[in-house]
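Engineer: mmCIF, C-alpha atoms, file start.cif:
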data_protein
#
loop_
_atom_site.label_atom_id
_atom_site.label_comp_id
_atom_site.auth_asym_id
_atom_site.auth_seq_id
_atom_site.Cartn_x
_atom_site.Cartn_y
_atom_site.Cartn_z
CA MET A 29 5.43 -81.63 128.93
CA ASP A 30 8.47 -80.15 127.24
CA ASN A 31 12.12 -80.69 128.20
CA GLU A 32 12.42 -77.25 129.82
CA THR A 33 9.55 -78.03 132.21
CA LYS A 34 11.03 -81.44 133.04
CA GLU A 35 14.25 -79.83 134.18
CA LEU A 36 12.41 -77.39 136.47
CA ARG A 37 11.02 -80.21 138.60
CA LYS A 38 13.29 -80.72 141.63
CA HIS A 39 11.67 -83.79 143.18
CA LYS A 40 10.00 -86.99 142.04
CA ARG A 41 6.21 -86.95 141.96
CA PHE A 42 4.13 -89.80 143.35
CA SER A 43 0.49 -90.71 142.96
CA ALA A 44 -1.28 -89.55 146.11
CA LYS A 45 -4.38 -90.50 148.00
CA GLY A 46 -5.00 -87.98 150.71
CA THR A 47 -6.95 -84.97 151.85
CA PHE A 48 -5.96 -81.38 152.56
CA GLN A 49 -8.03 -78.78 154.32
CA VAL A 50 -7.21 -75.59 152.39
CA TYR A 51 -7.57 -71.92 153.32
CA THR A 52 -6.95 -69.35 150.60
CA SER A 53 -5.65 -65.84 151.22
CA VAL A 54 -8.64 -64.32 149.42
CA SER A 55 -11.58 -66.09 151.10
CA ASN A 56 -10.03 -67.55 154.28
CA ILE A 57 -12.82 -70.15 154.18
CA ALA A 58 -11.70 -73.74 154.64
CA TYR A 59 -12.61 -76.47 152.19
CA LEU A 60 -11.52 -80.07 151.66
CA VAL A 61 -9.61 -81.10 148.56
CA SER A 62 -8.16 -84.33 147.14
CA VAL A 63 -4.42 -84.56 146.64
CA LYS A 64 -3.76 -86.37 143.35
CA ASP A 65 0.01 -86.24 143.14
CA ILE A 66 2.68 -85.14 145.56
CA SER A 67 6.37 -84.38 145.78
CA GLN A 68 8.47 -82.89 148.56
CA SER A 69 8.03 -79.44 147.07
CA GLY A 70 4.46 -79.39 145.72
CA ALA A 71 1.23 -81.12 144.80
CA PHE A 72 -1.63 -81.23 142.33
CA ILE A 73 -4.94 -80.64 144.07
CA ARG A 74 -8.20 -81.76 142.46
CA THR A 75 -11.06 -79.38 143.27
CA LYS A 76 -13.80 -77.26 141.72
CA HIS A 77 -12.95 -74.46 144.19
CA LEU A 78 -10.18 -72.79 142.25
CA PRO A 79 -7.90 -70.15 143.74
CA HIS A 80 -6.10 -67.50 141.70
CA PRO A 81 -2.60 -68.06 140.30
CA ALA A 82 0.07 -66.82 142.75
CA GLU A 83 -2.48 -66.83 145.59
CA LYS A 84 -1.13 -67.87 148.99
CA ILE A 85 -2.77 -70.84 150.69
CA SER A 86 -2.55 -72.53 154.05
CA TYR A 87 -3.22 -76.23 154.39
CA HIS A 88 -3.66 -79.01 156.91
CA ILE A 89 -2.90 -82.62 156.02
CA LEU A 90 -5.71 -84.76 157.40
CA ASN A 91 -5.55 -88.40 158.37
CA GLU A 92 -8.17 -90.99 157.35
CA ASP A 93 -10.37 -89.87 160.27
CA GLY A 94 -10.26 -86.22 159.19
CA ILE A 95 -7.96 -85.17 162.04
CA LYS A 96 -5.30 -82.54 161.32
CA GLN A 97 -1.82 -84.05 161.37
CA TYR A 98 0.47 -81.51 159.71
CA SER A 99 0.18 -77.91 158.49
CA GLY A 100 1.93 -75.67 156.03
CA HIS A 101 1.74 -72.86 153.52
CA GLY A 102 2.20 -72.59 149.79
CA ARG A 103 1.64 -70.63 146.63
CA VAL A 104 -0.61 -71.53 143.71
CA VAL A 105 1.60 -71.96 140.63
CA TRP A 106 -1.08 -72.79 138.05
CA VAL A 107 -4.81 -73.41 137.80
CA HIS A 108 -6.64 -75.72 135.40
CA GLY A 109 -10.24 -74.52 135.34
CA SER A 110 -11.74 -76.06 132.23
CA GLY A 111 -12.19 -79.43 130.60
CA ALA A 112 -12.90 -82.80 132.15
CA GLU A 113 -13.76 -82.80 135.85
CA GLU A 114 -10.78 -85.02 136.73
CA ARG A 115 -8.46 -82.30 135.40
CA LEU A 116 -10.00 -79.42 137.40
CA GLY A 117 -7.66 -78.22 140.09
CA PHE A 118 -4.46 -76.40 140.84
CA ALA A 119 -0.79 -76.94 141.53
CA VAL A 120 0.72 -75.66 144.73
CA GLU A 121 4.37 -75.09 145.56
CA PHE A 122 5.03 -75.54 149.27
CA ASP A 123 6.92 -72.88 151.24
CA ARG A 124 9.05 -75.68 152.68
CA GLU A 125 9.78 -79.22 151.57
CA LEU A 126 7.56 -81.87 153.10
CA ARG A 127 9.17 -84.10 155.67
CA PRO A 128 9.17 -87.82 154.71
CA GLU A 129 6.42 -88.62 157.24
CA GLU A 130 4.16 -85.94 155.73
CA GLN A 131 4.73 -87.12 152.17
CA ASN A 132 4.34 -90.80 153.13
CA MET A 133 1.01 -90.07 154.79
CA LEU A 134 -0.31 -88.73 151.48
CA ILE A 135 1.20 -91.45 149.32
CA GLY A 136 -0.62 -93.88 151.57
CA GLY A 137 1.50 -96.88 150.66
CA ASN A 138 1.05 -96.26 146.91
CA GLU A 139 4.59 -95.31 145.91
CA GLU A 140 3.94 -95.24 142.18
CA GLU A 141 6.32 -92.69 140.72
CA LEU A 142 4.63 -90.62 138.04
CA GLY A 143 6.23 -90.01 134.68
CA GLN A 144 7.22 -86.57 133.55
CA THR A 145 4.15 -86.20 131.35
CA GLY A 146 0.63 -85.29 132.36
#
Before anything else, please render the file you have as structure tokens.

Structural biologist:
Amino acid sequence: MDNETKELRKHKRFSAKGTFQVYTSVSNIAYLVSVKDISQSGAFIRTKHLPHPAEKISYHILNEDGIKQYSGHGRVVWVHGSGAEERLGFAVEFDRELRPEEQNMLIGGNEEELGQTG
């Protein structure tokens, strides 16, 4: 990641272990995705079900039992649709910053701050 991109990031990213239920503006069909890293303003979502860049999404943060806890909206900022399976997914920018309890639910006790690369 170059220096210009580093400076665009407003919040620290943390390794995440959580699940979103996502609805895209195009299909409006819900599917479950894994949250791989999270900040107050966005997340990287690992999934084979890739939305389009700039597409609007709605999401629900699910607890370990699959019960909806929090909801929100966002915009897809980039999509990575090729290469190794662990890199397939998209980045979402939230319409509002996550509250600490929402972010903490996704960090799940693993507060490992991620570096600015990757």

Engineer: Take CA of Gly94 (chain A) and CA of Tyr51 (chain A) and report the distance between them in Å, one decimal.

Structural biologist: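 Taking CA of Gly94 (chain A) and CA of Tyr51 (chain A), their separation equals 15.7 Å.
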
Engineer: Show me, as lines of an AutoDock Vina configuration file, the centre and edge lengths in Å to one decimal of the axis-aligned box that covers every listed atom of region 60-77 of chain A with 8 Å on each side.

Structural biologist:
center_x = -2.7
center_y = -80.4
center_z = 146.7
size_x = 38.3
size_y = 27.9
size_z = 25.9

Engineer: Pick the closest to Lys40 (chain A) from A:Ala71, A:Ala58, A:Leu134, A:Leu78: which is it, counting only C-alpha atoms?

Structural biologist: A:Ala71

Engineer: Around (-10.5, -66.4, 147.8) in the file's own coordinates, what residues are found within 9 Å if you use all atoms listed in the file, given back as JSON, numbers by chain?

Structural biologist: {"A": [51, 52, 53, 54, 55, 56, 57, 78, 79, 80, 83]}

Engineer: Take CA of Glu125 (chain A) and CA of Tyr59 (chain A) and report the distance between them in Å, one decimal.

Structural biologist: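 Between these atoms lies a distance of 22.6 Å.
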
Engineer: Could you list the residues chosen by the PyMOL selection byres ((chain A and resi 115) around 12) in this structure as an MDAnalysis selection string?

Structural biologist: chainID A and resid 62 64 72:76 78 107:114 116:119 146

Engineer: When you draw a straight line from CA of Tyr98 (chain A) to CA of Lys38 (chain A), how long is it in Å?

Structural biologist: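 So the two atoms, CA of Tyr98 (chain A) and CA of Lys38 (chain A), lie 22.2 Å apart.
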
Engineer: Using only C-alpha atoms, collect all residues at a distance of at most 9 Å from (9.3, -73.2, 152.3) as written in the file, then present them as a ChimeraX atom specification.

Structural biologist: /A:69,100-102,121-126

Engineer: Using only C-alpha atoms for the distances, tell me which of A:Arg103, A:Lys45, A:Lys96, A:Lys84 is nearest to Ile135 (chain A).

Structural biologist: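 Closest to Ile135 (chain A), using only C-alpha atoms: A:Lys45.
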
Engineer: Emit region 32-128 of chain A of the structure in the block as a file comprising C-alpha atoms, as a CSV table (one decimal), in the first residue's frame.

Structural biologist:
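What follows is the written file out.csv:
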chain,number,residue,atom,x,y,z
A,32,GLU,CA,-1.2,8.2,-0.2
A,33,THR,CA,-3.5,5.3,0.6
A,34,LYS,CA,-2.2,5.1,4.1
A,35,GLU,CA,-3.2,8.7,4.7
A,36,LEU,CA,-6.7,8.2,3.5
A,37,ARG,CA,-7.5,5.7,6.2
A,38,LYS,CA,-9.2,7.5,9.1
A,39,HIS,CA,-9.4,4.7,11.6
A,40,LYS,CA,-7.3,1.8,12.8
A,41,ARG,CA,-8.2,-1.6,11.4
A,42,PHE,CA,-8.5,-4.7,13.5
A,43,SER,CA,-8.6,-8.4,12.6
A,44,ALA,CA,-12.2,-9.5,12.8
A,45,LYS,CA,-14.1,-12.7,13.4
A,46,GLY,CA,-17.7,-12.1,12.7
A,47,THR,CA,-20.6,-12.5,10.3
A,48,PHE,CA,-22.7,-10.1,8.4
A,49,GLN,CA,-26.0,-10.8,6.6
A,50,VAL,CA,-25.7,-8.6,3.5
A,51,TYR,CA,-28.3,-7.3,1.1
A,52,THR,CA,-27.2,-5.6,-2.1
A,53,SER,CA,-29.1,-2.9,-4.0
A,54,VAL,CA,-29.0,-4.9,-7.2
A,55,SER,CA,-30.3,-8.4,-6.0
A,56,ASN,CA,-31.9,-7.6,-2.6
A,57,ILE,CA,-31.2,-11.3,-1.8
A,58,ALA,CA,-29.6,-11.8,1.6
A,59,TYR,CA,-26.4,-13.9,2.0
A,60,LEU,CA,-23.9,-14.5,4.9
A,61,VAL,CA,-20.4,-13.2,4.7
A,62,SER,CA,-17.3,-13.3,6.9
A,63,VAL,CA,-15.8,-10.1,8.2
A,64,LYS,CA,-12.0,-10.3,8.0
A,65,ASP,CA,-11.0,-6.9,9.2
A,66,ILE,CA,-12.9,-4.0,10.6
A,67,SER,CA,-12.6,-0.3,11.5
A,68,GLN,CA,-15.2,2.2,12.7
A,69,SER,CA,-15.7,3.3,9.1
A,70,GLY,CA,-15.4,0.2,7.0
A,71,ALA,CA,-14.6,-3.5,6.6
A,72,PHE,CA,-13.2,-6.1,4.3
A,73,ILE,CA,-15.7,-8.8,3.6
A,74,ARG,CA,-14.6,-12.3,2.4
A,75,THR,CA,-17.1,-13.8,0.0
A,76,LYS,CA,-17.5,-15.3,-3.5
A,77,HIS,CA,-20.7,-13.3,-4.0
A,78,LEU,CA,-19.2,-10.1,-5.2
A,79,PRO,CA,-21.2,-6.9,-5.6
A,80,HIS,CA,-20.4,-4.1,-8.0
A,81,PRO,CA,-18.1,-1.2,-7.1
A,82,ALA,CA,-20.1,1.8,-5.7
A,83,GLU,CA,-23.1,-0.5,-5.1
A,84,LYS,CA,-25.1,0.2,-2.0
A,85,ILE,CA,-25.5,-2.5,0.6
A,86,SER,CA,-27.5,-3.1,3.8
A,87,TYR,CA,-26.1,-5.3,6.5
A,88,HIS,CA,-27.0,-6.9,9.8
A,89,ILE,CA,-24.3,-7.8,12.3
A,90,LEU,CA,-25.1,-11.3,13.6
A,91,ASN,CA,-24.1,-12.8,17.0
A,92,GLU,CA,-22.6,-16.3,17.4
A,93,ASP,CA,-26.2,-17.7,17.3
A,94,GLY,CA,-27.0,-16.0,14.0
A,95,ILE,CA,-29.3,-13.5,15.6
A,96,LYS,CA,-29.4,-10.0,14.2
A,97,GLN,CA,-27.9,-7.5,16.7
A,98,TYR,CA,-27.1,-4.3,14.7
A,99,SER,CA,-27.9,-3.0,11.2
A,100,GLY,CA,-26.5,-0.4,8.9
A,101,HIS,CA,-25.8,0.6,5.3
A,102,GLY,CA,-22.7,1.1,3.3
A,103,ARG,CA,-21.1,1.5,-0.1
A,104,VAL,CA,-18.8,-0.9,-1.9
A,105,VAL,CA,-15.4,0.9,-2.4
A,106,TRP,CA,-13.5,-1.9,-4.2
A,107,VAL,CA,-13.9,-5.5,-5.2
A,108,HIS,CA,-11.2,-8.2,-5.4
A,109,GLY,CA,-12.6,-10.9,-7.7
A,110,SER,CA,-9.6,-12.9,-8.8
A,111,GLY,CA,-6.7,-14.8,-7.3
A,112,ALA,CA,-6.5,-17.0,-4.1
A,113,GLU,CA,-9.9,-17.7,-2.5
A,114,GLU,CA,-8.8,-16.0,0.8
A,115,ARG,CA,-8.5,-12.7,-1.1
A,116,LEU,CA,-11.9,-12.9,-2.8
A,117,GLY,CA,-14.2,-10.2,-1.4
A,118,PHE,CA,-14.9,-6.5,-1.2
A,119,ALA,CA,-14.4,-3.5,1.0
A,120,VAL,CA,-17.3,-1.6,2.3
A,121,GLU,CA,-17.4,2.0,3.7
A,122,PHE,CA,-20.2,2.4,6.3
A,123,ASP,CA,-22.6,5.2,6.0
A,124,ARG,CA,-22.0,5.9,9.7
A,125,GLU,CA,-19.2,5.0,12.0
A,126,LEU,CA,-19.7,1.9,14.0
A,127,ARG,CA,-20.4,2.3,17.7
A,128,PRO,CA,-17.8,0.7,20.0
